[in-house]
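Structure file input03.pdb (PDB, C-alpha atoms, pLDDT in the B column) is printed below.
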ATOM      1  CA  MET A   1      49.576 -52.441  -2.914  1.00 52.00           C
ATOM      2  CA  ASN A   2      49.804 -48.671  -2.569  1.00 57.00           C
ATOM      3  CA  SER A   3      46.392 -48.380  -4.206  1.00 75.00           C
ATOM      4  CA  VAL A   4      44.677 -50.167  -1.315  1.00 86.00           C
ATOM      5  CA  SER A   5      43.116 -47.720   1.128  1.00 92.00           C
ATOM      6  CA  ILE A   6      41.544 -47.834   4.558  1.00 95.00           C
ATOM      7  CA  LYS A   7      38.205 -47.164   2.851  1.00 94.00           C
ATOM      8  CA  ASP A   8      38.690 -50.261   0.659  1.00 93.00           C
ATOM      9  CA  LEU A   9      39.309 -52.520   3.643  1.00 95.00           C
ATOM     10  CA  MET A  10      37.137 -51.129   6.435  1.00 96.00           C
ATOM     11  CA  CYS A  11      33.781 -52.529   7.387  1.00 95.00           C
ATOM     12  CA  THR A  12      30.875 -50.109   7.578  1.00 95.00           C
ATOM     13  CA  ARG A  13      28.780 -52.638   9.516  1.00 93.00           C
ATOM     14  CA  PHE A  14      29.401 -52.262  13.235  1.00 94.00           C
ATOM     15  CA  ALA A  15      27.329 -52.245  16.383  1.00 94.00           C
ATOM     16  CA  THR A  16      25.553 -48.991  17.177  1.00 94.00           C
ATOM     17  CA  ILE A  17      26.365 -48.463  20.827  1.00 97.00           C
ATOM     18  CA  HIS A  18      25.604 -45.372  22.919  1.00 98.00           C
ATOM     19  CA  PRO A  19      26.939 -44.426  26.371  1.00 98.00           C
ATOM     20  CA  GLU A  20      23.581 -44.715  28.160  1.00 96.00           C
ATOM     21  CA  MET A  21      22.930 -48.250  26.848  1.00 95.00           C
ATOM     22  CA  PRO A  22      23.129 -51.118  29.378  1.00 92.00           C
ATOM     23  CA  VAL A  23      26.335 -53.112  28.881  1.00 92.00           C
ATOM     24  CA  VAL A  24      24.355 -56.330  28.548  1.00 89.00           C
ATOM     25  CA  GLU A  25      22.563 -54.838  25.520  1.00 93.00           C
ATOM     26  CA  ALA A  26      25.894 -53.734  24.022  1.00 95.00           C
ATOM     27  CA  SER A  27      27.219 -57.244  24.613  1.00 94.00           C
ATOM     28  CA  SER A  28      24.266 -58.731  22.741  1.00 94.00           C
ATOM     29  CA  LYS A  29      24.953 -56.447  19.777  1.00 96.00           C
ATOM     30  CA  LEU A  30      28.628 -57.453  19.670  1.00 96.00           C
ATOM     31  CA  ILE A  31      27.695 -61.132  19.771  1.00 95.00           C
ATOM     32  CA  LYS A  32      25.093 -60.787  16.987  1.00 96.00           C
ATOM     33  CA  LEU A  33      27.624 -59.051  14.723  1.00 94.00           C
ATOM     34  CA  ASP A  34      30.513 -61.335  15.783  1.00 93.00           C
ATOM     35  CA  MET A  35      32.631 -58.338  16.803  1.00 93.00           C
ATOM     36  CA  LEU A  36      35.445 -58.069  19.364  1.00 91.00           C
ATOM     37  CA  GLY A  37      34.457 -54.496  20.182  1.00 94.00           C
ATOM     38  CA  SER A  38      32.758 -51.446  18.787  1.00 96.00           C
ATOM     39  CA  PRO A  39      32.894 -47.672  18.846  1.00 98.00           C
ATOM     40  CA  VAL A  40      30.641 -45.887  21.305  1.00 98.00           C
ATOM     41  CA  THR A  41      29.006 -42.862  19.708  1.00 98.00           C
ATOM     42  CA  ASP A  42      26.698 -40.069  20.709  1.00 97.00           C
ATOM     43  CA  LYS A  43      23.362 -39.634  18.908  1.00 95.00           C
ATOM     44  CA  ALA A  44      25.109 -37.692  16.096  1.00 96.00           C
ATOM     45  CA  GLY A  45      27.552 -40.542  15.433  1.00 96.00           C
ATOM     46  CA  THR A  46      30.566 -38.805  16.993  1.00 98.00           C
ATOM     47  CA  LEU A  47      33.072 -41.101  18.676  1.00 98.00           C
ATOM     48  CA  VAL A  48      32.994 -40.851  22.487  1.00 98.00           C
ATOM     49  CA  GLY A  49      34.557 -44.184  23.468  1.00 98.00           C
ATOM     50  CA  TRP A  50      35.108 -47.866  22.806  1.00 97.00           C
ATOM     51  CA  ILE A  51      33.691 -50.992  24.372  1.00 96.00           C
ATOM     52  CA  SER A  52      35.121 -54.458  23.934  1.00 94.00           C
ATOM     53  CA  GLU A  53      34.187 -58.003  24.839  1.00 92.00           C
ATOM     54  CA  ARG A  54      36.421 -57.616  27.891  1.00 91.00           C
ATOM     55  CA  GLU A  55      34.256 -54.885  29.443  1.00 90.00           C
ATOM     56  CA  CYS A  56      31.095 -56.758  28.468  1.00 90.00           C
ATOM     57  CA  LEU A  57      32.399 -59.922  30.103  1.00 89.00           C
ATOM     58  CA  GLN A  58      33.144 -57.981  33.275  1.00 84.00           C
ATOM     59  CA  ALA A  59      29.581 -56.639  33.414  1.00 84.00           C
ATOM     60  CA  ALA A  60      28.003 -60.009  32.587  1.00 82.00           C
ATOM     61  CA  LEU A  61      29.931 -61.676  35.405  1.00 82.00           C
ATOM     62  CA  GLN A  62      28.759 -59.006  37.843  1.00 78.00           C
ATOM     63  CA  VAL A  63      25.133 -59.521  36.876  1.00 75.00           C
ATOM     64  CA  VAL A  64      25.039 -63.312  36.560  1.00 75.00           C
ATOM     65  CA  TYR A  65      27.333 -64.406  39.363  1.00 74.00           C
ATOM     66  CA  HIS A  66      27.318 -61.525  41.805  1.00 69.00           C
ATOM     67  CA  ASN A  67      23.755 -60.256  41.275  1.00 68.00           C
ATOM     68  CA  GLN A  68      25.032 -56.677  41.020  1.00 68.00           C
ATOM     69  CA  ARG A  69      23.422 -53.855  39.131  1.00 70.00           C
ATOM     70  CA  VAL A  70      23.648 -53.672  35.348  1.00 71.00           C
ATOM     71  CA  ALA A  71      26.298 -51.159  34.297  1.00 85.00           C
ATOM     72  CA  THR A  72      25.869 -48.740  31.441  1.00 92.00           C
ATOM     73  CA  VAL A  73      28.358 -48.511  28.617  1.00 95.00           C
ATOM     74  CA  ARG A  74      29.486 -45.128  29.986  1.00 95.00           C
ATOM     75  CA  ASP A  75      30.519 -46.848  33.242  1.00 92.00           C
ATOM     76  CA  LEU A  76      32.941 -49.228  31.530  1.00 93.00           C
ATOM     77  CA  MET A  77      33.859 -47.847  28.106  1.00 95.00           C
ATOM     78  CA  GLN A  78      37.376 -46.767  27.245  1.00 95.00           C
ATOM     79  CA  THR A  79      37.479 -43.037  26.543  1.00 96.00           C
ATOM     80  CA  GLU A  80      40.993 -42.808  25.120  1.00 95.00           C
ATOM     81  CA  VAL A  81      40.570 -44.449  21.739  1.00 95.00           C
ATOM     82  CA  LEU A  82      43.127 -44.826  18.970  1.00 94.00           C
ATOM     83  CA  THR A  83      41.458 -44.013  15.674  1.00 96.00           C
ATOM     84  CA  VAL A  84      42.208 -44.301  11.975  1.00 96.00           C
ATOM     85  CA  SER A  85      41.237 -41.832   9.264  1.00 96.00           C
ATOM     86  CA  LEU A  86      40.338 -42.655   5.685  1.00 94.00           C
ATOM     87  CA  ASP A  87      43.651 -41.063   4.598  1.00 91.00           C
ATOM     88  CA  ASP A  88      45.902 -43.192   6.819  1.00 93.00           C
ATOM     89  CA  GLU A  89      48.295 -45.658   5.213  1.00 92.00           C
ATOM     90  CA  VAL A  90      47.252 -49.311   5.377  1.00 94.00           C
ATOM     91  CA  LEU A  91      50.838 -50.556   5.707  1.00 91.00           C
ATOM     92  CA  GLY A  92      51.540 -48.093   8.515  1.00 91.00           C
ATOM     93  CA  LEU A  93      48.435 -49.303  10.335  1.00 93.00           C
ATOM     94  CA  ALA A  94      49.486 -52.930   9.811  1.00 92.00           C
ATOM     95  CA  GLN A  95      52.872 -52.153  11.367  1.00 91.00           C
ATOM     96  CA  GLN A  96      51.164 -50.421  14.292  1.00 91.00           C
ATOM     97  CA  MET A  97      48.914 -53.443  14.804  1.00 92.00           C
ATOM     98  CA  LEU A  98      51.998 -55.648  15.240  1.00 91.00           C
ATOM     99  CA  ALA A  99      52.810 -53.798  18.440  1.00 87.00           C
ATOM    100  CA  ALA A 100      50.703 -54.097  21.592  1.00 75.00           C
ATOM    101  CA  LYS A 101      47.954 -52.018  20.016  1.00 80.00           C
ATOM    102  CA  PRO A 102      44.241 -52.695  19.514  1.00 88.00           C
ATOM    103  CA  LYS A 103      43.130 -55.416  17.121  1.00 89.00           C
ATOM    104  CA  ILE A 104      40.349 -53.226  15.761  1.00 93.00           C
ATOM    105  CA  TYR A 105      40.122 -49.470  15.247  1.00 96.00           C
ATOM    106  CA  PRO A 106      37.259 -47.087  14.568  1.00 97.00           C
ATOM    107  CA  VAL A 107      37.614 -45.208  11.288  1.00 98.00           C
ATOM    108  CA  VAL A 108      36.574 -41.574  11.709  1.00 98.00           C
ATOM    109  CA  ASP A 109      36.072 -38.645   9.358  1.00 96.00           C
ATOM    110  CA  SER A 110      37.392 -35.119   9.910  1.00 95.00           C
ATOM    111  CA  ALA A 111      34.483 -34.357  12.290  1.00 96.00           C
ATOM    112  CA  ASN A 112      35.317 -37.446  14.432  1.00 96.00           C
ATOM    113  CA  LYS A 113      32.180 -39.231  13.218  1.00 97.00           C
ATOM    114  CA  VAL A 114      32.558 -42.993  12.944  1.00 98.00           C
ATOM    115  CA  VAL A 115      32.347 -44.208   9.333  1.00 98.00           C
ATOM    116  CA  GLY A 116      33.552 -47.771   9.875  1.00 97.00           C
ATOM    117  CA  VAL A 117      35.945 -50.091  11.651  1.00 97.00           C
ATOM    118  CA  ILE A 118      39.109 -51.819  10.497  1.00 96.00           C
ATOM    119  CA  SER A 119      40.733 -54.837  12.078  1.00 95.00           C
ATOM    120  CA  ARG A 120      43.787 -57.032  11.752  1.00 94.00           C
ATOM    121  CA  ARG A 121      41.545 -59.517   9.971  1.00 94.00           C
ATOM    122  CA  HIS A 122      40.636 -56.973   7.259  1.00 95.00           C
ATOM    123  CA  ILE A 123      44.296 -56.254   6.541  1.00 95.00           C
ATOM    124  CA  LEU A 124      45.310 -59.909   6.751  1.00 95.00           C
ATOM    125  CA  THR A 125      42.572 -60.842   4.273  1.00 94.00           C
ATOM    126  CA  MET A 126      43.894 -58.258   1.804  1.00 94.00           C
ATOM    127  CA  LEU A 127      47.482 -59.497   2.270  1.00 93.00           C
ATOM    128  CA  ASP A 128      46.334 -63.093   1.787  1.00 93.00           C
ATOM    129  CA  GLN A 129      44.705 -62.091  -1.517  1.00 92.00           C
ATOM    130  CA  LYS A 130      47.907 -60.289  -2.583  1.00 90.00           C
ATOM    131  CA  LEU A 131      49.978 -63.387  -1.736  1.00 91.00           C
ATOM    132  CA  ALA A 132      47.623 -65.584  -3.792  1.00 92.00           C
ATOM    133  CA  GLU A 133      47.992 -63.175  -6.753  1.00 89.00           C
ATOM    134  CA  LEU A 134      51.786 -63.263  -6.467  1.00 88.00           C
ATOM    135  CA  SER A 135      51.711 -67.057  -6.288  1.00 86.00           C
ATOM    136  CA  ARG A 136      49.561 -67.285  -9.428  1.00 89.00           C
ATOM    137  CA  LYS A 137      51.899 -64.919 -11.320  1.00 87.00           C
ATOM    138  CA  ALA A 138      54.970 -66.875 -10.229  1.00 86.00           C
ATOM    139  CA  GLY A 139      53.421 -70.243 -11.109  1.00 73.00           C
TER
END

What does this structure look like when you write it as structure tokens?
Amino acid sequence: MNSVSIKDLMCTRFATIHPEMPVVEASSKLIKLDMLGSPVTDKAGTLVGWISERECLQAALQVVYHNQRVATVRDLMQTEVLTVSLDDEVLGLAQQMLAAKPKIYPVVDSANKVVGVISRRHILTMLDQKLAELSRKAG
């Protein structure tokens, strides 16, 4: 189990979302990739925020039901984002995820550039595989 790393579990496929993008466009990208949220990056790929389905839902309701202007990602994104590095411990992250913490985290390198995302589902999938291995060995 100790040999499993963040890099092994993270997903490098995530929505490319920039601050100046309309929220409705960001929402479309999240839906197409079946993601709960995604990092918001500048043109160089540096993390500047996070946008989730919650913020997208808020903007969609404003547009569809209240006929208000379309917000940009910058207007609604979260700017204080908990991140994970490639060197972080998977078990420590799993423990952190049990608390009232995000379900999905951006994985950043030493320059704060986003290299992937990791979610509860990624860790749970790995643990499920480990449990199946243990079951096979015991049986």

**Prompt:** So, counting only C-alpha atoms, which residue among A:Val81, A:Ala44, A:Ile118, A:Ile31 is closest to A:Met97?
**Reply:** A:Ile118

**Request:** Would you please work out which residue, of A:Cys11, A:Val40, A:Val115, A:Ala94, is nearest to A:Gln78 when using all atoms listed in the file?
**Result:** A:Val40

**Message:** Every residue with an atom at most 8 Å from (30.9, -50.3, 19.4) (file coordinates; only C-alpha atoms) is what I'm after, so could you write them as an MDAnalysis selection string?
**Reply:** chainID A and resid 14:17 26 30 37:41 50:52

**Request:** May I have the residues within 12 Å of A:Val108 as a ChimeraX atom specification, using all atoms listed in the file and disregarding those fewer than 4 positions away in the same chain?
**Result:** /A:6-7,10,12,39,41,45-48,81-88,112-118

Would you save the residues of that selection, restricted to C-alpha atoms, as a tab-separated table (two decimals), in the frame of the given file?
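Listing of selection37.tsv after writing:
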chain	number	residue	atom	x	y	z
A	6	ILE	CA	41.54	-47.83	4.56
A	7	LYS	CA	38.20	-47.16	2.85
A	10	MET	CA	37.14	-51.13	6.44
A	12	THR	CA	30.88	-50.11	7.58
A	39	PRO	CA	32.89	-47.67	18.85
A	41	THR	CA	29.01	-42.86	19.71
A	45	GLY	CA	27.55	-40.54	15.43
A	46	THR	CA	30.57	-38.80	16.99
A	47	LEU	CA	33.07	-41.10	18.68
A	48	VAL	CA	32.99	-40.85	22.49
A	81	VAL	CA	40.57	-44.45	21.74
A	82	LEU	CA	43.13	-44.83	18.97
A	83	THR	CA	41.46	-44.01	15.67
A	84	VAL	CA	42.21	-44.30	11.98
A	85	SER	CA	41.24	-41.83	9.26
A	86	LEU	CA	40.34	-42.66	5.68
A	87	ASP	CA	43.65	-41.06	4.60
A	88	ASP	CA	45.90	-43.19	6.82
A	112	ASN	CA	35.32	-37.45	14.43
A	113	LYS	CA	32.18	-39.23	13.22
A	114	VAL	CA	32.56	-42.99	12.94
A	115	VAL	CA	32.35	-44.21	9.33
A	116	GLY	CA	33.55	-47.77	9.88
A	117	VAL	CA	35.94	-50.09	11.65
A	118	ILE	CA	39.11	-51.82	10.50

**Prompt:** In Å, with one decimal, what is the gap from atom CA of A:Val23 to atom CA of A:Met77?
**Reply:**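 Atom CA of A:Val23 sits 9.2 Å away from atom CA of A:Met77.
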
**Message:** List the spatial neighbours of A:Ala71 as a ChimeraX atom specification - criterion: any atom at most 9 Å away, all atoms listed in the file, same-chain residues fewer than 6 positions off excluded.
**Reply:** /A:21-24,59,62-63

**Prompt:** Looking at A:Thr79, A:Gly139, A:Leu98, A:Val90, which one is nearest to A:Leu127, with distances taken over only C-alpha atoms?
**Reply:**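 Ranked by minimum distance to A:Leu127, first place goes to A:Val90.
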
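Straight-line separation from atom CA of A:Ala138 to atom CA of A:Ile123: 22.5 Å.
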
**Point-to-point distance in Å for atom CA of A:Lys101 and atom CA of A:Leu134** =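 Result for atom CA of A:Leu134 versus atom CA of A:Lys101: 29.0 Å, one decimal.
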
**Prompt:** A:Ser3: which residues within 12 Å, counting only C-alpha atoms, same-chain residues fewer than 5 positions away excluded, as a list in words?
**Reply:** Asp8, Leu9, Asp87, Glu89, Val90, Leu91 and Met126 of chain A

Please define a box with edges along x, y and z of the file around all atoms of stretch 113-119 of chain A given in the file, extend it by 6 Å on each side, and return its centre and edge lengths in Å to one decimal, as AutoDock Vina command-line options.
--center_x 36.5 --center_y -47.0 --center_z 11.3 --size_x 20.6 --size_y 27.6 --size_z 15.9

**All residues 9 Å or closer to A:Pro102, only C-alpha atoms, same chain fewer than 2 positions away omitted, as a ChimeraX atom specification** = /A:82,96-97,99-100,104-105,119-120

**Asked** Using only C-alpha atoms, which of the listed residues (A:Leu93, A:Asp42, A:Lys29, A:Met35) sits closest to A:Val107?
**Response**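 Closest candidate: A:Leu93.
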